[in-house]
Each structure stands twice: as structure tokens, then as C-alpha cells.
Amino acid sequence: MPTAPAIADEATVARGAYLAGAAGCDQCHTDSKNGGAPYAGLRPMQTEFGIIATPNITPDAATGIGGWSGDEFIRAMRWGIAPDGTHYVPAFPFPYFGRLTDSDLADLKAFLDSLKPVSQPRIPGATSLALLARARSAIGLAIAANRPAGPAPPADDVAVARGAYLVATVGHCGDCHTALTWLGAPDPDRFLAGSHGGFEGKKAPNITPDPKTGIGSWSEDDIASLLNDGGTPDGDFVGGSMAEIVRNTARLTDGDRRAIAVYLKTVPAKGFVKNN
Amino acid sequence: MRLSTKWVAVAGITLAAGLCAGVARADDAAAVDARQAVMKSQGKDTAAIKAYIDDKADLASAQAAGADLVTQVAKIPDLFPKGTGMAEFPGKSYAKPAIWTEWDKFTAQAKTAADKAVALNTALKGGDKAAITAAFGDMGKNGCGACHEPYREKKPS
């Protein structure tokens, strides 16, 4: 018999809330354009698998994730498998979240469980529309699962290691900024080197230190500053989906924004490939 | 051979309409250029203020940029005449059609940006760096960025 989840202490919930912000969970799981409740889902998203209404991840038992056990939550986050055994399409970035630590996943669940349950209609995914895309990505993901997300950071540098975790796992930056292989998995040879298949099929720029097509001319201050207010070194302010990301990175600590900047400067510089 | 009056009239009207359309389009193209020039000058101003925040320039240069920024940002809604977006000028303009389909929302957002530029200018005049930094971030995120987010398309590289 399932037991009621223990009420998590405030510090655990706060850590989970911080992580949810760093991962930008609310960005997709909130229909902000139509005034939807945070984390209650139903944002329509254009993906290669068709238009998807994002799921409700508030702890509503019937329509959210209220009935989930800790193990079910971990399986969904790491492997993209729902409690009923169905598979999520990788529009949900579980291939990145697979490397979240056990304690971070526990904090995250404690935070989501602390939210007010919201009842929402359940909208099933459009499986029939995109069987081929699903099959292709299943193969690609199986191969990618056995590869590291990015180059291994030097273990002795705490800031770089923290930045690597925030970029390659928590923030899943490669979800938009890394081009895909023909099998639909992130291409390790073009890690963060930009993609024409970013969020909702838009172009995402090269954020490796490549001097010509990347951000090689940016200082660590420039990167940290963009993550804080969205400003670029030439005085512009980012728009599009990155402006949504900045709303979340602005809530990170200065230390974490700095760690992301320090890490991005260590990523191998790669040129942006036009045709991908 | 003699052309009928009717055909001459048709040809004349067609030619005139074509010329008018050509003129209108040239005007629209000039509007896109003017808009992009203003946006660029705003970028120069914000970069100058940013340089002061990063200790790379003095307060006086930031104050001059702040005053200019107020006048530039106030121009924004008028820089977007109908027919000057990415639909009419693909590859030149990146202004999304939503600007004109939800014009009231767009002008409200432009007004927010203008108000925030004024607040930044006030902070710059006051000379308190912490207040300037906060006002700069607020204007960038909730003024400029909040408008670029729904209304500016990403440039292809």
C-alpha cells in the first residue's frame, strides 16, 4: 500500500525550486501566453513529433503527477518512461536529465509536491502523426545514452565542473544549441555549436568559443551578464525563446552564472555548420 | 494601327498603379532602414551604459547615452508603419507580423520600454551605481527583451 509522501522540509523544497528554475521546467510546463497556472502544463509546443500540449506537473492526483512514487518520478526524468509504461518523446529533455544526481531529483520532486494541485484536462500526445520521427529518435537516443553529454570537464576545477553540470545536464542548453545527428540525437562533435533545429524549429546560435561563428570574443563577464539581464556585448537584448531562458537564469546565484560562463569558455571551439 | 482609347487608359492606369506601388515599397524599405538605424543607435547607448557598469567608462558618457536613449526609445511605435515587417521584406526585416495583428499590445510594450528608459535616465542622473545597475537590468529584460521576445524573429546566420 502506498504511503503518503513525507512532508519535505523547507530547505529541500527551496533547493528543488532553485533547480526547477535552473532547468526551466516552468517554461514549457506553463501556458503563460494564456495565463495558465505555473507548472500546470498545456502550453502548445511545436515539435518534430507534432504539436504537443505539455503535461501538468502539479501534484494533482488525477491529471498531474500527484500519485507518483519517487521511483516513478526518477524513471520518468531519467528514461522518459511514464508510470503507465508509455514513453515520452524527447521534446521532454529526459536525455539530459538522465545525469541529474539522485539528491537533486529528490529535491525537485519535493518542490513539485509542494505546489498547489491544479486540475487540467488531459490531452494525449499525437502519436499517430509522428511514428517515424519517434522510431528514429528512439534509435538515436539509445545510441546517445551510452555517450557523455559533452567533453569531460577537468575534475579539479570546481567552477568548471559546476558549470558543466548546469549547462550539459540541468539547463540542457544543448537541447537547442547542439545540432542533431541524422538519427535525431545531439551530435557530440557539434556540442553547443549551434543548430537550425532549436526551440520550435528556430535557429539557435553557436555558443562555443569559436571566434567567428561562436562567442569567442565574449568575456566571462559578458556571458554572465547575458544570463542576468539578456544583454549582449553589442548592446542588444536577446528576444525569442532565449528571453524566456533569461527569466530563469536571472534567478540563479551570481556564482552559478559565473560557473556557466567559466565552463562555456572551456568547451571546444567549433564552427557553425550551415546545413544541419 | 490605332490603339483604342480603352487600352491606352488601361495601360496608363496599370503603369500608374505600378509606379505608386513602387514608390510605396521604396518608402516602406526606407522605413525599415530608419527603424534599424534607430535600434542600432539604441544598442550603442546601452553598450555605453553597460561599459560604465562594468567599470570600463565614466559616468558622464553613460549619462549622455541615457539621455539619448530616452529620445530614441520614445520613437519606437512610430517606426513600425504597416507593411514594413518580415512578411513584406523577407531577409531584410525581422519584425514579426504579430506587431500589427496585436498593435495595442505592441504599443503598450513599447510604452513600458520607454518608461523604463526614463527610469534608467533618472537613475543615471542620480549617479548611484547600484540603482543604475538595477534600472539597466530592468529596462533590458522587461523593456527591450520583453518586446524582442514576442515581436522579433531570430536572424538566420
# chains A, B, ... in the order shown; residues from 1 in each chain; ligands from 1
>>> interface_residues(of="chain B", to="chain A", cutoff="8 Å", atoms="only C-alpha atoms", output="list in words")
Gln42, Gly43, Lys44, Asp45, Thr46, Ala47, Ala48, Lys50, Gly137, Asp138, Gly140, Lys141, Cys144, Gly145, Ala146, Cys147, His148, Glu149, Pro150, Arg152, Glu153, Lys154, Lys155, Pro156 and Ser157 of chain B
>>> residues_around(residues="Thr58 of chain A", least_positions_apart="6", cutoff="7 Å", atoms="only C-alpha atoms", output="short mmCIF file (atom, residue, chain, number, x, y, z; two decimals) with all heavy atoms, in the first residue's frame")
data_model
loop_
_atom_site.label_atom_id
_atom_site.label_comp_id
_atom_site.auth_asym_id
_atom_site.auth_seq_id
_atom_site.Cartn_x
_atom_site.Cartn_y
_atom_site.Cartn_z
N TYR A 39 3.45 25.50 -13.88
CA TYR A 39 3.67 24.04 -13.81
C TYR A 39 2.41 23.23 -14.12
O TYR A 39 2.42 22.02 -14.03
CB TYR A 39 4.23 23.61 -12.45
CG TYR A 39 5.55 24.26 -12.13
CD1 TYR A 39 5.64 25.39 -11.32
CD2 TYR A 39 6.73 23.75 -12.66
CE1 TYR A 39 6.86 26.00 -11.04
CE2 TYR A 39 7.97 24.34 -12.39
CZ TYR A 39 8.02 25.46 -11.58
OH TYR A 39 9.23 26.05 -11.32
N ALA A 40 1.30 23.90 -14.49
CA ALA A 40 0.07 23.16 -14.77
C ALA A 40 -0.03 22.74 -16.24
O ALA A 40 -1.04 22.18 -16.66
CB ALA A 40 -1.16 23.99 -14.38
N GLY A 64 -2.32 15.37 -12.79
CA GLY A 64 -0.93 15.80 -12.68
C GLY A 64 -0.05 14.64 -12.29
O GLY A 64 -0.28 13.50 -12.69
N ILE A 65 0.97 14.91 -11.46
CA ILE A 65 1.87 13.82 -11.07
C ILE A 65 1.75 13.53 -9.57
O ILE A 65 2.68 13.02 -8.94
CB ILE A 65 3.34 14.14 -11.45
CG1 ILE A 65 3.87 15.39 -10.73
CG2 ILE A 65 3.46 14.35 -12.97
CD1 ILE A 65 5.38 15.57 -10.88
N GLY A 66 0.57 13.85 -9.03
CA GLY A 66 0.36 13.69 -7.60
C GLY A 66 0.48 12.26 -7.10
O GLY A 66 0.91 12.03 -5.98
N LEU A 112 8.05 19.99 -6.47
CA LEU A 112 6.83 19.84 -7.27
C LEU A 112 5.67 19.38 -6.38
O LEU A 112 4.53 19.82 -6.54
CB LEU A 112 7.05 18.87 -8.43
CG LEU A 112 8.02 19.37 -9.52
CD1 LEU A 112 8.30 18.28 -10.54
CD2 LEU A 112 7.47 20.61 -10.23
N LEU A 115 3.76 22.15 -4.56
CA LEU A 115 2.92 23.09 -5.31
C LEU A 115 1.44 22.81 -5.06
O LEU A 115 1.06 21.73 -4.64
CB LEU A 115 3.19 22.97 -6.81
CG LEU A 115 4.59 23.33 -7.31
CD1 LEU A 115 4.74 22.92 -8.77
CD2 LEU A 115 4.86 24.82 -7.15
N LYS A 116 0.63 23.83 -5.37
CA LYS A 116 -0.82 23.66 -5.25
C LYS A 116 -1.30 22.79 -6.41
O LYS A 116 -1.00 23.09 -7.57
CB LYS A 116 -1.46 25.04 -5.31
CG LYS A 116 -2.90 25.07 -4.85
CD LYS A 116 -3.37 26.53 -4.80
CE LYS A 116 -4.74 26.70 -5.38
NZ LYS A 116 -4.96 26.92 -6.75
N PRO A 117 -2.04 21.70 -6.12
CA PRO A 117 -2.52 20.85 -7.22
C PRO A 117 -3.50 21.60 -8.12
O PRO A 117 -4.37 22.31 -7.63
CB PRO A 117 -3.23 19.70 -6.51
CG PRO A 117 -2.84 19.80 -5.08
CD PRO A 117 -2.47 21.22 -4.81
N VAL A 118 -3.30 21.47 -9.42
CA VAL A 118 -4.20 22.12 -10.38
C VAL A 118 -4.79 21.02 -11.26
O VAL A 118 -4.07 20.17 -11.77
CB VAL A 118 -3.44 23.13 -11.27
CG1 VAL A 118 -4.37 23.76 -12.29
CG2 VAL A 118 -2.78 24.20 -10.43
#
>>> select_by_dssp(residues="segment 51-248 of chain A", states="helix (DSSP H, G or I)", output="number ranges by chain")
A: 70-79, 94-97, 102-114, 127-144, 158-170, 174-177, 188-190, 199-201, 220-229, 240-248
>>> closest_residue(among="B:Pro77, B:Tyr52, B:Lys82, B:Gln72", to="Arg25 of chain B", atoms="only C-alpha atoms")
B:Lys82
>>> atom_distance(atom1="atom CA of Met39 of chain B", atom2="atom CA of Ser32 of chain A")
27.7 Å
>>> closest_residue(among="A:Pro209, A:Gly80, A:Gly85, A:Gly255", to="Gly98 of chain A", atoms="only C-alpha atoms")
A:Gly80
>>> atom_distance(atom1="atom CA of Ala259 of chain A", atom2="atom CA of Asp102 of chain A")
21.5 Å
